[in-house]
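A.B. asks: One structure, as structure tokens, below. Some questions next.
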Amino acid sequence: MADNKKRRRKDPIGDELPFKNKLKPDESILETLKDFSTASSSSSVPQTLTLQDLALPFRCREVADLSLTSVQSNIESLILKIAHSILSGQGFSFDVPSRSAANQLYVAELDRIVLKDKSSQRPFANISTVRKSAITARILQLIHQLCLKGIHVTKRDLFYTDVKLFQDQIQSDAVLDDVSCMLGCTRSSLNVVAAEKGVVVGRLIFSDNGDMIDCTKMGMGGKAIPPNIDRVGDMQSDALFILLVEKDAAYMRLAEDRFYNRFPCIIVTAKGQPDVSTRLFLRKMKTELKLPVLALVDSDPYGLKILSVYGCGSKNMSYDSANLTTPDIKWLGVRPSDLDKYKIPEQCRLPMTEQDIKTGKDLLEEDFVKKNPGWVEELSLMVKTKQKAEIQALSTFGFQYLSEVYLPLKLQQKDWL
């Protein structure tokens, strides 16, 4: 019947995709990427500038990768000092480096956050610190056992060795960072790792504990990034760049569309907040492969914070920023100016909360933001318009708009900061 005629809906997926007519042939975009990759590779000389090279008016504390034997020796030396202090009738106290915000500083010459040398005492004979002192001693004991056995455990394993003492994994995790800083070693040197979180897919081959892994043959799920980076080696790639993605949903879209075959790249994500393994893996790729890194994050203050953790380091682990940061990451998108530039509909934009606005204004006061005028301009626009958007807002034009139009056009126009 006439009333039952099917009405054909206008499908946004296809040649009518907004701005698709501005795209040049892939060959032209690839030439642009090759020039960018070559220029980046030639400028990616090893970073020789260290804290020791700078005439800073204060001392800073940094850690290094240590062997299990060295970590064991440092723990035994520390415990001998404590035993001597107890036998002399003075009780004992741990000298713990302060990781408070006031003891941290962004050093523009290094483009990362560092930890100053201030420390505080954690005495056992004090009601306010007795429990934390006990946790510190217990963590040192457990790390010593790991050194003797030469095995790795997860942070969750560590927590469950003494749940009644630790009470909450947040507390055991925090003391673990304290211990790492006290011993002068990276957290990975303690043989305590986080559960696998980050994943990688694309034009990368590497060895994982002796097994060769081809990341083009890992399906759309990709290869889980190994929690202990010391078993990763022999990296090989014909990629032109590394695409760092904030969200798992955007990563899966690009992986399923095999974006890395159309534009040779390596796609990596930590599925939100950056974990240590993903940060170490990204730095290793950047250092060994000499590839530029482009970041795709949400258009909100937290997307920029996540980008800054990869690039400049986190305040929580500033003592290890030399090993965890990846220099010169470019902000590809989604940027606040993209919302109008790509005509993102109002219904796909979200109003910023008061906390969002406060976070944005706080970021504008950070030195690592101030050094990049483009970041300041974009963040100021975000705070002014009080609008934010997720990467998935691009799906309003079609589920594959991200991989079919948005990213190719961004790459074509070299539209990164």
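Residues are referred to by chain and number: the chain letter is A, B, ... according to the order shown in the structure tokens, the number counts from 1 in that chain, and ligands are numbered separately from 1 in the order shown.
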Got a sec to tell me which of stretch 171-253 of chain A DSSP assigns to strand (DSSP E), as a PyMOL selection string?

C.D. replies: chain A and resi 192-193+199-202+205-208+211-214+223-224+232-236+241-245

A.B. asks: Using the chain letters and numbers from this document, which residues of stretch 202-381 of chain A does DSSP assign to alpha helix (DSSP H), as a CSV table (one decimal) with C-alpha atoms, in the first residue's frame?

C.D. replies:
chain,number,residue,atom,x,y,z
A,248,ASP,CA,39.7,3.0,23.6
A,249,ALA,CA,36.6,3.6,21.4
A,250,ALA,CA,38.5,5.8,19.0
A,251,TYR,CA,41.4,3.3,19.0
A,252,MET,CA,39.1,0.5,18.0
A,253,ARG,CA,37.5,2.5,15.2
A,254,LEU,CA,41.0,3.2,13.7
A,255,ALA,CA,42.1,-0.4,14.2
A,256,GLU,CA,39.0,-1.9,12.6
A,259,PHE,CA,43.9,3.2,9.3
A,260,TYR,CA,47.6,2.2,9.7
A,261,ASN,CA,47.6,0.6,6.2
A,262,ARG,CA,46.1,3.7,4.5
A,276,VAL,CA,53.7,3.6,33.4
A,277,SER,CA,54.1,0.8,30.8
A,278,THR,CA,52.4,2.7,28.0
A,279,ARG,CA,54.5,5.8,28.8
A,280,LEU,CA,57.7,3.7,28.8
A,281,PHE,CA,56.7,2.0,25.6
A,282,LEU,CA,55.9,5.2,23.8
A,283,ARG,CA,59.2,6.7,24.8
A,284,LYS,CA,61.0,3.6,23.6
A,285,MET,CA,59.3,3.8,20.2
A,286,LYS,CA,60.1,7.5,19.8
A,287,THR,CA,63.7,7.0,20.8
A,288,GLU,CA,64.5,3.9,18.8
A,289,LEU,CA,62.3,4.5,15.7
A,301,PRO,CA,40.9,20.0,30.0
A,302,TYR,CA,41.4,16.4,30.9
A,303,GLY,CA,42.4,15.5,27.4
A,304,LEU,CA,45.1,18.1,27.5
A,305,LYS,CA,46.2,16.9,30.9
A,306,ILE,CA,46.6,13.4,29.6
A,307,LEU,CA,48.7,14.8,26.7
A,308,SER,CA,50.9,16.7,29.1
A,309,VAL,CA,51.5,13.6,31.3
A,310,TYR,CA,52.9,11.8,28.2
A,311,GLY,CA,55.0,14.8,27.2
A,312,CYS,CA,56.1,16.5,30.4
A,321,SER,CA,60.3,12.0,34.5
A,322,ALA,CA,63.6,11.5,32.6
A,323,ASN,CA,62.5,7.9,31.8
A,324,LEU,CA,58.8,8.4,31.4
A,336,PRO,CA,38.4,23.5,20.7
A,337,SER,CA,38.8,25.4,17.4
A,338,ASP,CA,37.8,22.2,15.6
A,339,LEU,CA,34.3,22.3,16.9
A,340,ASP,CA,33.4,25.3,14.7
A,341,LYS,CA,35.9,24.5,12.0
A,354,GLU,CA,32.5,24.5,37.1
A,355,GLN,CA,35.2,21.9,37.8
A,356,ASP,CA,36.0,21.7,34.1
A,357,ILE,CA,36.4,25.4,33.9
A,358,LYS,CA,38.5,25.5,37.0
A,359,THR,CA,40.8,22.8,35.6
A,360,GLY,CA,41.1,24.7,32.4
A,361,LYS,CA,42.1,27.9,34.1
A,362,ASP,CA,44.6,26.0,36.3
A,363,LEU,CA,46.2,24.5,33.2
A,364,LEU,CA,46.6,28.0,31.7
A,367,ASP,CA,54.5,26.6,32.7
A,368,PHE,CA,54.3,23.7,30.2
A,369,VAL,CA,51.2,25.2,28.7
A,370,LYS,CA,52.5,28.8,28.7
A,373,PRO,CA,51.2,29.8,22.4
A,374,GLY,CA,49.0,27.5,20.4
A,375,TRP,CA,48.0,25.5,23.5
A,376,VAL,CA,47.2,28.7,25.3
A,377,GLU,CA,45.0,30.0,22.5
A,378,GLU,CA,43.1,26.7,22.2
A,379,LEU,CA,42.6,26.3,26.0
A,380,SER,CA,41.5,30.0,26.3
A,381,LEU,CA,38.9,29.4,23.6

A.B. asks: Can you build me a table of stretch 57-114 of chain A residues sitting at most 12 Å from stretch 219-236 of chain A, with the closest atom pair per residue and its distance in Å to one decimal, using only C-alpha atoms, sorted by chain and residue number, as JSON lines?

C.D. replies:
{"residue": "A:Asp65", "atom": "CA", "partner": "A:Asp230", "partner_atom": "CA", "distance": 10.2}
{"residue": "A:Leu66", "atom": "CA", "partner": "A:Asp230", "partner_atom": "CA", "distance": 11.6}
{"residue": "A:Ser67", "atom": "CA", "partner": "A:Asp230", "partner_atom": "CA", "distance": 11.2}

A.B. asks: Each residue of stretch 48-148 of chain A lying at most 10 Å from stretch 184-196 of chain A should get a row with its shortest atom-to-atom pair and the distance in Å to one decimal, counting only C-alpha atoms; could you produce that, ordered by chain and increasing number, as a Markdown table?

C.D. replies:
| residue | atom | partner | partner_atom | distance |
| --- | --- | --- | --- | --- |
| A:Arg61 | CA | A:Gly184 | CA | 8.3 |
| A:Glu62 | CA | A:Gly184 | CA | 7.0 |
| A:Val63 | CA | A:Gly184 | CA | 4.6 |
| A:Ala64 | CA | A:Cys185 | CA | 4.8 |
| A:Asp65 | CA | A:Thr186 | CA | 5.4 |
| A:Leu66 | CA | A:Ser189 | CA | 5.8 |
| A:Ser67 | CA | A:Ser189 | CA | 6.7 |
| A:Leu68 | CA | A:Ser189 | CA | 6.9 |
| A:Ser70 | CA | A:Cys185 | CA | 9.2 |
| A:Val71 | CA | A:Leu190 | CA | 7.3 |
| A:Gln72 | CA | A:Leu190 | CA | 9.3 |
| A:Asn74 | CA | A:Gly184 | CA | 8.7 |
| A:Leu140 | CA | A:Leu190 | CA | 9.8 |
| A:Leu142 | CA | A:Leu190 | CA | 9.8 |
| A:Ile143 | CA | A:Leu190 | CA | 6.3 |
| A:His144 | CA | A:Leu190 | CA | 8.8 |
| A:Leu146 | CA | A:Asn191 | CA | 6.9 |
| A:Cys147 | CA | A:Leu190 | CA | 7.7 |

A.B. asks: Deliver the residues from the most recent selection as a file, using N, CA, C and O atoms, as a tab-separated table (two decimals), in the first residue's frame.

C.D. replies:
chain	number	residue	atom	x	y	z
A	61	ARG	N	66.17	15.60	42.57
A	61	ARG	CA	66.32	14.17	42.81
A	61	ARG	C	65.83	13.41	41.58
A	61	ARG	O	64.70	13.64	41.11
A	62	GLU	N	66.66	12.54	41.05
A	62	GLU	CA	66.26	11.70	39.92
A	62	GLU	C	66.66	10.26	40.19
A	62	GLU	O	67.60	9.99	40.95
A	63	VAL	N	65.96	9.35	39.57
A	63	VAL	CA	66.24	7.93	39.76
A	63	VAL	C	66.80	7.34	38.48
A	63	VAL	O	66.76	7.96	37.42
A	64	ALA	N	67.32	6.13	38.59
A	64	ALA	CA	67.91	5.46	37.43
A	64	ALA	C	67.51	3.99	37.44
A	64	ALA	O	67.09	3.44	38.47
A	65	ASP	N	67.62	3.35	36.30
A	65	ASP	CA	67.40	1.90	36.22
A	65	ASP	C	68.53	1.19	36.95
A	65	ASP	O	69.71	1.40	36.64
A	66	LEU	N	68.19	0.37	37.91
A	66	LEU	CA	69.19	-0.37	38.67
A	66	LEU	C	68.95	-1.87	38.52
A	66	LEU	O	67.82	-2.31	38.33
A	67	SER	N	70.01	-2.63	38.63
A	67	SER	CA	69.89	-4.09	38.60
A	67	SER	C	69.27	-4.56	39.91
A	67	SER	O	69.26	-3.84	40.92
A	68	LEU	N	68.77	-5.81	39.91
A	68	LEU	CA	68.19	-6.37	41.12
A	68	LEU	C	69.21	-6.44	42.25
A	68	LEU	O	68.90	-6.21	43.42
A	70	SER	N	71.68	-4.37	42.75
A	70	SER	CA	71.86	-3.02	43.30
A	70	SER	C	70.70	-2.62	44.19
A	70	SER	O	70.89	-2.02	45.25
A	71	VAL	N	69.48	-2.95	43.75
A	71	VAL	CA	68.30	-2.64	44.56
A	71	VAL	C	68.37	-3.39	45.90
A	71	VAL	O	68.13	-2.82	46.96
A	72	GLN	N	68.75	-4.66	45.83
A	72	GLN	CA	68.88	-5.47	47.04
A	72	GLN	C	69.92	-4.87	47.98
A	72	GLN	O	69.71	-4.76	49.19
A	74	ASN	N	70.91	-1.75	48.12
A	74	ASN	CA	70.43	-0.47	48.68
A	74	ASN	C	69.46	-0.70	49.83
A	74	ASN	O	69.49	0.02	50.84
A	140	LEU	N	59.46	-2.58	51.76
A	140	LEU	CA	60.89	-2.85	51.58
A	140	LEU	C	61.19	-4.34	51.72
A	140	LEU	O	62.00	-4.90	50.96
A	142	LEU	N	59.12	-6.85	51.13
A	142	LEU	CA	58.57	-7.56	49.97
A	142	LEU	C	59.44	-7.36	48.72
A	142	LEU	O	59.66	-8.29	47.95
A	143	ILE	N	59.92	-6.13	48.54
A	143	ILE	CA	60.80	-5.86	47.39
A	143	ILE	C	62.10	-6.66	47.51
A	143	ILE	O	62.62	-7.19	46.52
A	144	HIS	N	62.60	-6.77	48.73
A	144	HIS	CA	63.83	-7.55	48.96
A	144	HIS	C	63.61	-9.02	48.57
A	144	HIS	O	64.48	-9.66	47.97
A	146	LEU	N	61.52	-10.09	46.30
A	146	LEU	CA	61.47	-10.14	44.83
A	146	LEU	C	62.87	-10.13	44.24
A	146	LEU	O	63.15	-10.82	43.24
A	147	CYS	N	63.75	-9.35	44.85
A	147	CYS	CA	65.14	-9.30	44.37
A	147	CYS	C	65.82	-10.66	44.53
A	147	CYS	O	66.56	-11.11	43.65

A.B. asks: Rounded to one decimal in Å, what is the spacing between atom CA of A:Gln121 and atom CA of A:Ile82?

C.D. replies: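 Rounded to one decimal, the two atoms are 13.0 Å apart.
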
A.B. asks: I want to know what sits within 12 Å of A:Ala137, based on only C-alpha atoms, with residues of the same chain fewer than 6 positions away left out; could you give that as a PyMOL selection string?

C.D. replies: chain A and resi 75-76+78-79+82+92-94+122-124+130-131+143-144+165-166+172+175-176+178-179

A.B. asks: So that I can see what lies close to stretch 103-117 of chain A, please list as an mmCIF file with C-alpha atoms, in the first residue's frame the residues with an atom at most 6 Å from it, counting only C-alpha atoms and leaving out residues fewer than 6 positions away in the same chain.

C.D. replies:
data_model
loop_
_atom_site.group_PDB
_atom_site.id
_atom_site.type_symbol
_atom_site.label_atom_id
_atom_site.label_comp_id
_atom_site.auth_asym_id
_atom_site.auth_seq_id
_atom_site.Cartn_x
_atom_site.Cartn_y
_atom_site.Cartn_z
ATOM 1 C CA ARG A 59 69.259 20.273 44.000
ATOM 2 C CA CYS A 60 66.924 17.849 42.272
ATOM 3 C CA ARG A 61 66.318 14.170 42.809
ATOM 4 C CA CYS A 312 56.112 16.542 30.431
ATOM 5 C CA GLY A 313 55.468 13.922 33.086
ATOM 6 C CA SER A 318 58.188 13.506 38.729
ATOM 7 C CA TYR A 319 61.192 11.728 40.254
#

A.B. asks: Given the choices A:Met352, A:Asp173, A:Ser77, A:Ser37, which gets closest to A:Ile242 if the distance is worked out from only C-alpha atoms?

C.D. replies: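 Answer, going by the shortest atom-to-atom distance: A:Ser37.
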
A.B. asks: Just checking: using only C-alpha atoms, which residue out of A:Lys197, A:Lys414, A:Lys315, A:Lys247 ends up closest to A:Ile391?

C.D. replies: A:Lys247
